[in-house]
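Right, one structure below, let's go through it.
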Amino acid sequence: MADSTTRKASSTGAAPRRSWWGWGAENKALSDAECTALGRLLPGAANTPLPVPDVSTLDLPKVRVEPPTELAPLMSAAPWDRASHTYGKAYRDVVRALGGDLSAAPDQVAHPRTEQDVIDILDWAASAEVAVVPFGGGTSVVGGVEYRADRHRGVVSLDLSAMNRVLEVDRTSRAARIQAGVLGPALEAQLRPHGLTLRHFPQSFEYSTLGGWLATRAGGHYATLHTHIDDLVESLRVVTPVGVNQSLRVPGSGAGPSPDRLFLGSEGTLGVITEAWMRLQERTRHKTSATVLFDDIHAAMDAVRAIAQSGLHPANCRLLDPGEAALAGITQEGESVLVLGEESAHFRVEERLAALLTLARDHGGTPTAREPGGADTAANTWRSAFLRMPYLRDGLARMSVISETFETACTWDRAPELYASTRSGLAEILKEVTGTAGTVNCRFTHVYPDGPAPYFTVIAPGRRGSEVAMWDEIKSATMSVLHDHGATVTHHHAVGRDHRPGYDRQRPEPFALALRAAKQALDPAGILNAGVLIDPAPSHDADGTAASMPSERHK
């Protein structure tokens, strides 16, 4: 319970109209002319963009299940709802949507307004053998919201966006109880009157939800220290098919394995996160940034390692290799670029930035000139390109260009070889698959004292109609490279269904046994996001009888 300083907070305005097929807002997508102009810059691109299908003309699968009368007001089988909840926002999702392939569309889209609605939907789904796929903002790029199993009578996409309020703010403890369906901007707008912020800004911030961040262990924009959402959690409230799991709200505990850690990163397979008490921070008052150029990428890596191990914990510490720097429009001279940023709610930060720049200079870096007043043009250029990049990716997809990213993390001793091997190995596989070496760029998105999180961008011409198969072949090769170098299959994009092969190789078998047991205990009917993290259990017991339903109703 919050103390006497706890205040009630109200909801804010609705989110803008989303694109059903691609990233972000409909009105920010590239026009046909912009797509064509973009394609002309890339040899092998198609001459004309793929048209965006009209939802009313889509060949959606027949609806197989209807909700009971009492749940009908929460459900929709409207074509736009079903189409926009079929896929996430990965390259392969965008291409299939553009091609009108909506074969995986859910039968119903549920919009619960309360936790009791979630409970009632799960109870009905378990009894009716209907799969439930939790859906936050739908920004998954790993197949996390796409139903691919074929063992249920129907599929419901559980969209929590109506559960979007900051319910309580405990100013004394600097924490808030927040519903899981709130989008990033609405969350910050509700915290702003209290002078507080969650300080978690992933690239998807505008279109993703707190529940999605928690379920996927999302990484934020801030590049050091508290890089993941995990460290900002005080307690979780999770609805499972067998009951509601509410963890104790304390600043820390040594009481056995953490109940929150069971659900952080569970990707909707074990339960539906409905609320969380989150640790907050005072809003930033002091900011400064700078960029540093390096002629040698390895010297730049050494500089970043020194900064990561210095204890200074800059808010931003992004290293862009020459190709990534050129793609962002910062430099075309073959240099690597380090983007640094400092911020604080309490203290001026110029001295801390100066210390970071000293470390960069010691490793051969050259800071760029800054505008009068301290503005950093290069950093602002990178920031604008960073936010615009998903729309450009969609434009390239319309021109049948393969444009996608993948990310990982490794220890510093392996980083130089991982960088070199991934770029050279992908150039070979791109030539084999697409006929050209394509473009393989890299940036370090997050850095730790013991290693970086490299984030690779792949751009190559595709063959119209074969783009998905081509990317799948490329992606399979990348997972092999990461495995061979002891790197994780994902640093912050999550596992979903697309990373399952790599995750299965990375995950220890005793933990896999525990995860399967947890799935069976919490979701005995196997309705929650089947195929994510682990394979779904058989639909029937060995004697042929149906798998058992939960023995207790929710409290």
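Letters A, B, ... go to the chains of the structure tokens in the order shown; residues in each chain start at 1; ligands are counted from 1 in the same order.
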
Spatial neighbours of segment 284-288 of chain A, 8 Å, only C-alpha atoms, chain gap at least 3 places, as an MDAnalysis selection string: chainID A and resid 341:350 353 374:375

Atoms to include: N, CA, C and O atoms. Write the selected residues as a compact mmCIF listing (two decimals), in the first residue's frame.
# COMPACT_ATOMS: atom_id res chain seq x y z
N GLY A 341 26.14 11.40 -24.09
CA GLY A 341 25.17 12.29 -23.47
C GLY A 341 25.17 12.14 -21.96
O GLY A 341 25.33 11.03 -21.45
N GLU A 342 25.03 13.26 -21.28
CA GLU A 342 24.92 13.25 -19.81
C GLU A 342 23.66 14.00 -19.42
O GLU A 342 23.24 14.95 -20.10
N GLU A 343 23.05 13.58 -18.32
CA GLU A 343 21.87 14.28 -17.82
C GLU A 343 21.73 14.05 -16.33
O GLU A 343 22.24 13.06 -15.79
N SER A 344 21.01 14.95 -15.66
CA SER A 344 20.80 14.83 -14.22
C SER A 344 19.59 15.68 -13.83
O SER A 344 19.30 16.71 -14.46
N ALA A 345 18.90 15.22 -12.81
CA ALA A 345 17.81 16.01 -12.24
C ALA A 345 18.31 17.00 -11.20
O ALA A 345 17.58 17.92 -10.82
N HIS A 346 19.55 16.83 -10.75
CA HIS A 346 20.01 17.59 -9.58
C HIS A 346 21.28 18.41 -9.82
O HIS A 346 21.44 19.47 -9.21
N PHE A 347 22.20 17.93 -10.67
CA PHE A 347 23.51 18.55 -10.77
C PHE A 347 23.83 18.94 -12.21
O PHE A 347 23.37 18.30 -13.15
N ARG A 348 24.64 19.94 -12.36
CA ARG A 348 25.13 20.30 -13.68
C ARG A 348 26.05 19.18 -14.19
O ARG A 348 26.72 18.52 -13.39
N VAL A 349 26.07 18.96 -15.49
CA VAL A 349 26.71 17.74 -16.02
C VAL A 349 27.88 18.04 -16.95
O VAL A 349 28.46 17.11 -17.51
N GLU A 350 28.26 19.30 -17.10
CA GLU A 350 29.32 19.63 -18.04
C GLU A 350 30.65 18.97 -17.65
O GLU A 350 31.42 18.52 -18.51
N LEU A 353 30.66 15.32 -18.66
CA LEU A 353 30.88 15.17 -20.09
C LEU A 353 32.34 15.43 -20.44
O LEU A 353 32.93 14.73 -21.28
N GLY A 374 26.06 25.39 -27.07
CA GLY A 374 26.32 24.02 -26.63
C GLY A 374 25.56 22.94 -27.36
O GLY A 374 25.71 21.77 -27.05
N ALA A 375 24.74 23.30 -28.36
CA ALA A 375 23.99 22.27 -29.09
C ALA A 375 24.94 21.41 -29.91
O ALA A 375 25.91 21.90 -30.50

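Between Ile121 of chain A and the residues A:Glu70, A:Asp101, A:Glu467, A:Asp170, the shortest atom-to-atom distance, using only C-alpha atoms, involves A:Glu70.
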
Residue with smallest distance to Gly22 of chain A - pool A:Arg171, A:Arg500, A:Arg393, A:His493, counting only C-alpha atoms: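 Among A:Arg171, A:Arg500, A:Arg393, A:His493, it is A:Arg393 that comes nearest to Gly22 of chain A.
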
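Residues of segment 126-180 of chain A assigned to strand (DSSP E) by DSSP on this structure's backbone: A:Val130, A:Ala131, A:Val132, A:Val133, A:Pro134, A:Phe135, A:Gly154, A:Val155, A:Val156, A:Ser157, A:Leu158, A:Asp159, A:Val166, A:Leu167, A:Glu168, A:Val169, A:Asp170, A:Ala175, A:Ala176, A:Arg177, A:Ile178, A:Gln179.
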
Those in segment 301-378 of chain A with alpha helix (DSSP H) from DSSP, as a list in words: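 Selection result, alpha helix (DSSP H) within segment 301-378 of chain A: Met301, Asp302, Ala303, Val304, Arg305, Ala306, Ile307, Ala308, Pro322, Gly323, Glu324, Ala325, Ala326, Leu327, Glu350, Glu351, Arg352, Leu353, Ala354, Ala355, Leu356, Leu357, Thr358, Leu359, Ala360, Arg361, Asp362, Thr377 and Ala378 of chain A.
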
How would the residues just picked look written out with N, CA and C atoms as an mmCIF file, in the first residue's frame?
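Saved as again26.cif:
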data_model
loop_
_atom_site.group_PDB
_atom_site.id
_atom_site.type_symbol
_atom_site.label_atom_id
_atom_site.label_comp_id
_atom_site.auth_asym_id
_atom_site.auth_seq_id
_atom_site.Cartn_x
_atom_site.Cartn_y
_atom_site.Cartn_z
ATOM 1 N N MET A 301 36.223 1.212 -30.074
ATOM 2 C CA MET A 301 35.762 0.185 -29.139
ATOM 3 C C MET A 301 36.514 0.275 -27.822
ATOM 4 N N ASP A 302 37.816 0.496 -27.891
ATOM 5 C CA ASP A 302 38.609 0.621 -26.664
ATOM 6 C C ASP A 302 38.153 1.830 -25.848
ATOM 7 N N ALA A 303 37.830 2.919 -26.537
ATOM 8 C CA ALA A 303 37.363 4.117 -25.836
ATOM 9 C C ALA A 303 36.038 3.850 -25.134
ATOM 10 N N VAL A 304 35.138 3.164 -25.824
ATOM 11 C CA VAL A 304 33.834 2.858 -25.235
ATOM 12 C C VAL A 304 33.997 1.928 -24.035
ATOM 13 N N ARG A 305 34.903 0.968 -24.144
ATOM 14 C CA ARG A 305 35.143 0.072 -23.007
ATOM 15 C C ARG A 305 35.667 0.860 -21.805
ATOM 16 N N ALA A 306 36.587 1.795 -22.053
ATOM 17 C CA ALA A 306 37.122 2.612 -20.958
ATOM 18 C C ALA A 306 36.012 3.434 -20.305
ATOM 19 N N ILE A 307 35.124 3.973 -21.113
ATOM 20 C CA ILE A 307 34.013 4.755 -20.573
ATOM 21 C C ILE A 307 33.072 3.863 -19.773
ATOM 22 N N ALA A 308 32.767 2.675 -20.305
ATOM 23 C CA ALA A 308 31.851 1.757 -19.620
ATOM 24 C C ALA A 308 32.415 1.291 -18.292
ATOM 25 N N PRO A 322 31.493 3.086 -39.314
ATOM 26 C CA PRO A 322 31.437 4.012 -40.453
ATOM 27 C C PRO A 322 30.166 3.888 -41.298
ATOM 28 N N GLY A 323 29.720 2.664 -41.545
ATOM 29 C CA GLY A 323 28.510 2.488 -42.347
ATOM 30 C C GLY A 323 27.280 3.020 -41.649
ATOM 31 N N GLU A 324 27.178 2.788 -40.338
ATOM 32 C CA GLU A 324 26.021 3.268 -39.582
ATOM 33 C C GLU A 324 26.044 4.786 -39.460
ATOM 34 N N ALA A 325 27.245 5.351 -39.309
ATOM 35 C CA ALA A 325 27.362 6.804 -39.235
ATOM 36 C C ALA A 325 26.952 7.456 -40.548
ATOM 37 N N ALA A 326 27.320 6.826 -41.654
ATOM 38 C CA ALA A 326 26.918 7.358 -42.955
ATOM 39 C C ALA A 326 25.417 7.223 -43.155
ATOM 40 N N LEU A 327 24.857 6.104 -42.739
ATOM 41 C CA LEU A 327 23.415 5.884 -42.881
ATOM 42 C C LEU A 327 22.632 6.912 -42.078
ATOM 43 N N GLU A 350 28.259 19.303 -17.096
ATOM 44 C CA GLU A 350 29.322 19.629 -18.038
ATOM 45 C C GLU A 350 30.652 18.974 -17.647
ATOM 46 N N GLU A 351 30.941 18.935 -16.342
ATOM 47 C CA GLU A 351 32.211 18.339 -15.916
ATOM 48 C C GLU A 351 32.248 16.847 -16.191
ATOM 49 N N ARG A 352 31.110 16.185 -16.035
ATOM 50 C CA ARG A 352 31.078 14.749 -16.316
ATOM 51 C C ARG A 352 31.273 14.494 -17.815
ATOM 52 N N LEU A 353 30.663 15.318 -18.655
ATOM 53 C CA LEU A 353 30.883 15.166 -20.092
ATOM 54 C C LEU A 353 32.340 15.434 -20.440
ATOM 55 N N ALA A 354 32.939 16.419 -19.803
ATOM 56 C CA ALA A 354 34.353 16.707 -20.053
ATOM 57 C C ALA A 354 35.232 15.512 -19.712
ATOM 58 N N ALA A 355 34.904 14.810 -18.618
ATOM 59 C CA ALA A 355 35.675 13.612 -18.247
ATOM 60 C C ALA A 355 35.512 12.520 -19.300
ATOM 61 N N LEU A 356 34.314 12.367 -19.836
ATOM 62 C CA LEU A 356 34.079 11.376 -20.883
ATOM 63 C C LEU A 356 34.873 11.726 -22.143
ATOM 64 N N LEU A 357 34.885 12.998 -22.493
ATOM 65 C CA LEU A 357 35.624 13.417 -23.683
ATOM 66 C C LEU A 357 37.131 13.222 -23.501
ATOM 67 N N THR A 358 37.614 13.392 -22.295
ATOM 68 C CA THR A 358 39.031 13.136 -22.032
ATOM 69 C C THR A 358 39.364 11.668 -22.287
ATOM 70 N N LEU A 359 38.509 10.773 -21.813
ATOM 71 C CA LEU A 359 38.732 9.348 -22.070
ATOM 72 C C LEU A 359 38.702 9.052 -23.563
ATOM 73 N N ALA A 360 37.789 9.685 -24.288
ATOM 74 C CA ALA A 360 37.706 9.460 -25.731
ATOM 75 C C ALA A 360 38.962 9.971 -26.439
ATOM 76 N N ARG A 361 39.433 11.149 -26.050
ATOM 77 C CA ARG A 361 40.655 11.701 -26.659
ATOM 78 C C ARG A 361 41.860 10.805 -26.370
ATOM 79 N N ASP A 362 41.916 10.255 -25.172
ATOM 80 C CA ASP A 362 43.038 9.384 -24.802
ATOM 81 C C ASP A 362 43.130 8.167 -25.716
ATOM 82 N N THR A 377 25.139 19.300 -33.088
ATOM 83 C CA THR A 377 24.434 19.039 -34.341
ATOM 84 C C THR A 377 24.478 17.561 -34.704
ATOM 85 N N ALA A 378 25.638 16.929 -34.565
ATOM 86 C CA ALA A 378 25.775 15.522 -34.944
ATOM 87 C C ALA A 378 24.875 14.627 -34.086
#

Neighbour list for Leu392 of chain A as a list in words, cut-off 10 Å, only C-alpha atoms, skip fewer than 2 positions in-chain: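 My list of contacting residues is Trp23, Ala29, Leu30, Glu34, Cys35, Leu38, Ala385, Leu387, Arg388, Met389, Pro390, Asp394, Gly395, Leu396, Ala397, Arg398 and Ser403 of chain A.
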
Write out the residues from the selection above, keeping N, CA and C atoms, as a PDB file, in the first residue's frame.
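Ended up saving to result_33.pdb:
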ATOM      1  N   TRP A  23       5.060   0.397 -39.450  1.00  0.00           N
ATOM      2  CA  TRP A  23       5.459   1.043 -38.209  1.00  0.00           C
ATOM      3  C   TRP A  23       4.683   2.327 -37.971  1.00  0.00           C
ATOM      4  N   ALA A  29       4.132   7.479 -42.692  1.00  0.00           N
ATOM      5  CA  ALA A  29       4.700   6.517 -43.634  1.00  0.00           C
ATOM      6  C   ALA A  29       5.157   7.232 -44.904  1.00  0.00           C
ATOM      7  N   LEU A  30       6.171   6.701 -45.573  1.00  0.00           N
ATOM      8  CA  LEU A  30       6.662   7.279 -46.813  1.00  0.00           C
ATOM      9  C   LEU A  30       5.608   7.185 -47.905  1.00  0.00           C
ATOM     10  N   GLU A  34       8.189   8.989 -52.374  1.00  0.00           N
ATOM     11  CA  GLU A  34       9.353   8.891 -51.493  1.00  0.00           C
ATOM     12  C   GLU A  34       9.946   7.485 -51.526  1.00  0.00           C
ATOM     13  N   CYS A  35       9.086   6.462 -51.579  1.00  0.00           N
ATOM     14  CA  CYS A  35       9.580   5.088 -51.692  1.00  0.00           C
ATOM     15  C   CYS A  35      10.360   4.895 -52.980  1.00  0.00           C
ATOM     16  N   LEU A  38      13.705   6.586 -52.789  1.00  0.00           N
ATOM     17  CA  LEU A  38      14.589   5.822 -51.920  1.00  0.00           C
ATOM     18  C   LEU A  38      15.129   4.595 -52.640  1.00  0.00           C
ATOM     19  N   ALA A 385      17.561  10.595 -37.095  1.00  0.00           N
ATOM     20  CA  ALA A 385      17.644   9.411 -37.950  1.00  0.00           C
ATOM     21  C   ALA A 385      17.188   8.168 -37.200  1.00  0.00           C
ATOM     22  N   LEU A 387      14.913   7.903 -34.863  1.00  0.00           N
ATOM     23  CA  LEU A 387      13.459   7.844 -34.755  1.00  0.00           C
ATOM     24  C   LEU A 387      12.787   7.646 -36.111  1.00  0.00           C
ATOM     25  N   ARG A 388      13.436   8.086 -37.190  1.00  0.00           N
ATOM     26  CA  ARG A 388      12.849   7.978 -38.520  1.00  0.00           C
ATOM     27  C   ARG A 388      13.132   6.627 -39.171  1.00  0.00           C
ATOM     28  N   MET A 389      14.133   5.903 -38.683  1.00  0.00           N
ATOM     29  CA  MET A 389      14.600   4.699 -39.361  1.00  0.00           C
ATOM     30  C   MET A 389      13.520   3.642 -39.604  1.00  0.00           C
ATOM     31  N   PRO A 390      12.621   3.354 -38.654  1.00  0.00           N
ATOM     32  CA  PRO A 390      11.606   2.328 -38.933  1.00  0.00           C
ATOM     33  C   PRO A 390      10.712   2.670 -40.122  1.00  0.00           C
ATOM     34  N   ASP A 394      10.249   0.504 -43.688  1.00  0.00           N
ATOM     35  CA  ASP A 394       8.989   0.146 -44.346  1.00  0.00           C
ATOM     36  C   ASP A 394       8.993   0.592 -45.803  1.00  0.00           C
ATOM     37  N   GLY A 395       9.570   1.779 -46.071  1.00  0.00           N
ATOM     38  CA  GLY A 395       9.660   2.243 -47.442  1.00  0.00           C
ATOM     39  C   GLY A 395      10.523   1.330 -48.292  1.00  0.00           C
ATOM     40  N   LEU A 396      11.630   0.865 -47.729  1.00  0.00           N
ATOM     41  CA  LEU A 396      12.485  -0.074 -48.453  1.00  0.00           C
ATOM     42  C   LEU A 396      11.768  -1.406 -48.675  1.00  0.00           C
ATOM     43  N   ALA A 397      10.992  -1.842 -47.697  1.00  0.00           N
ATOM     44  CA  ALA A 397      10.236  -3.087 -47.863  1.00  0.00           C
ATOM     45  C   ALA A 397       9.266  -2.979 -49.035  1.00  0.00           C
ATOM     46  N   ARG A 398       8.659  -1.827 -49.213  1.00  0.00           N
ATOM     47  CA  ARG A 398       7.747  -1.624 -50.337  1.00  0.00           C
ATOM     48  C   ARG A 398       8.486  -1.669 -51.671  1.00  0.00           C
ATOM     49  N   SER A 403      15.634  -5.020 -45.535  1.00  0.00           N
ATOM     50  CA  SER A 403      16.182  -4.039 -44.597  1.00  0.00           C
ATOM     51  C   SER A 403      15.718  -4.426 -43.202  1.00  0.00           C
TER      52      SER A 403
END

Test item: residues at most 9 Å from Asp321 of chain A, only C-alpha atoms, excluding those fewer than 3 positions along its chain, as JSON, numbers by chain: {"A": [297, 300, 324, 325, 326, 334, 335, 336, 337, 338, 441, 442, 443, 444]}

Pick from A:Thr86, A:Ser127, A:Ser19, A:Thr209, whichever lies nearest to Leu183 of chain A using only C-alpha atoms: A:Thr209

Point-to-point distance in Å for atom CA of Leu293 of chain A and atom CA of Pro43 of chain A: 29.1 Å

Between atom CA of Glu282 of chain A and atom CA of Thr139 of chain A, distance in Å (one decimal): 27.8 Å

Select from segment 170-264 of chain A every residue with an atom at most 12 Å from any atom of segment 505-519 of chain A, then for each give the shortest pair of atoms and their distance in Å to one decimal, using only C-alpha atoms, rows by chain and rising number, as CSV.
residue,atom,partner,partner_atom,distance
A:Thr240,CA,A:Lys519,CA,10.1
A:Pro241,CA,A:Lys519,CA,10.4
A:Val242,CA,A:Lys519,CA,11.0
A:Pro259,CA,A:Ala518,CA,11.8
A:Leu262,CA,A:Ala518,CA,9.0
A:Phe263,CA,A:Ala518,CA,10.5

Could you turn the residues from that selection into a file that holds all heavy atoms, as a JSON list (two decimals), in the first residue's frame?
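Resulting contents of part.json:
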[["chain", "number", "residue", "atom", "x", "y", "z"],
["A", 240, "THR", "N", -2.84, -15.14, -14.17],
["A", 240, "THR", "CA", -2.56, -16.42, -14.83],
["A", 240, "THR", "C", -3.85, -17.22, -14.90],
["A", 240, "THR", "O", -4.83, -16.91, -14.20],
["A", 240, "THR", "CB", -1.51, -17.23, -14.04],
["A", 240, "THR", "OG1", -2.15, -17.88, -12.92],
["A", 240, "THR", "CG2", -0.38, -16.35, -13.54],
["A", 241, "PRO", "N", -3.90, -18.25, -15.73],
["A", 241, "PRO", "CA", -5.12, -19.06, -15.79],
["A", 241, "PRO", "C", -5.48, -19.76, -14.49],
["A", 241, "PRO", "O", -6.61, -20.24, -14.35],
["A", 241, "PRO", "CB", -4.80, -20.08, -16.90],
["A", 241, "PRO", "CG", -3.85, -19.35, -17.79],
["A", 241, "PRO", "CD", -2.98, -18.56, -16.84],
["A", 242, "VAL", "N", -4.57, -19.82, -13.51],
["A", 242, "VAL", "CA", -4.88, -20.49, -12.25],
["A", 242, "VAL", "C", -4.96, -19.52, -11.07],
["A", 242, "VAL", "O", -5.17, -19.96, -9.93],
["A", 242, "VAL", "CB", -3.85, -21.60, -11.93],
["A", 242, "VAL", "CG1", -3.89, -22.68, -12.99],
["A", 242, "VAL", "CG2", -2.44, -21.03, -11.80],
["A", 259, "PRO", "N", 9.76, -13.72, -7.43],
["A", 259, "PRO", "CA", 8.54, -14.01, -8.20],
["A", 259, "PRO", "C", 8.39, -13.09, -9.39],
["A", 259, "PRO", "O", 7.77, -13.48, -10.40],
["A", 259, "PRO", "CB", 7.42, -13.79, -7.17],
["A", 259, "PRO", "CG", 8.01, -12.92, -6.12],
["A", 259, "PRO", "CD", 9.46, -13.25, -6.07],
["A", 262, "LEU", "N", 10.23, -14.35, -12.57],
["A", 262, "LEU", "CA", 9.57, -15.42, -13.32],
["A", 262, "LEU", "C", 8.77, -14.86, -14.48],
["A", 262, "LEU", "O", 8.69, -15.45, -15.55],
["A", 262, "LEU", "CB", 8.65, -16.22, -12.39],
["A", 262, "LEU", "CG", 7.84, -17.35, -13.04],
["A", 262, "LEU", "CD1", 8.76, -18.44, -13.57],
["A", 262, "LEU", "CD2", 6.85, -17.92, -12.05],
["A", 263, "PHE", "N", 8.17, -13.68, -14.28],
["A", 263, "PHE", "CA", 7.29, -13.11, -15.30],
["A", 263, "PHE", "C", 7.96, -12.07, -16.17],
["A", 263, "PHE", "O", 7.52, -11.83, -17.29],
["A", 263, "PHE", "CB", 6.05, -12.52, -14.63],
["A", 263, "PHE", "CG", 5.19, -13.56, -13.97],
["A", 263, "PHE", "CD1", 5.22, -13.74, -12.59],
["A", 263, "PHE", "CD2", 4.38, -14.40, -14.72],
["A", 263, "PHE", "CE1", 4.44, -14.71, -11.98],
["A", 263, "PHE", "CE2", 3.59, -15.38, -14.12],
["A", 263, "PHE", "CZ", 3.63, -15.54, -12.74]]

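With atom CA of His85 of chain A on one side and atom CA of Arg151 of chain A on the other, the separation reads 19.4 Å.
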
Residue nearest Ile119 of chain A - candidates A:Val65, A:Val272, A:Ala78, A:Val182, atoms counted: only C-alpha atoms: A:Val272
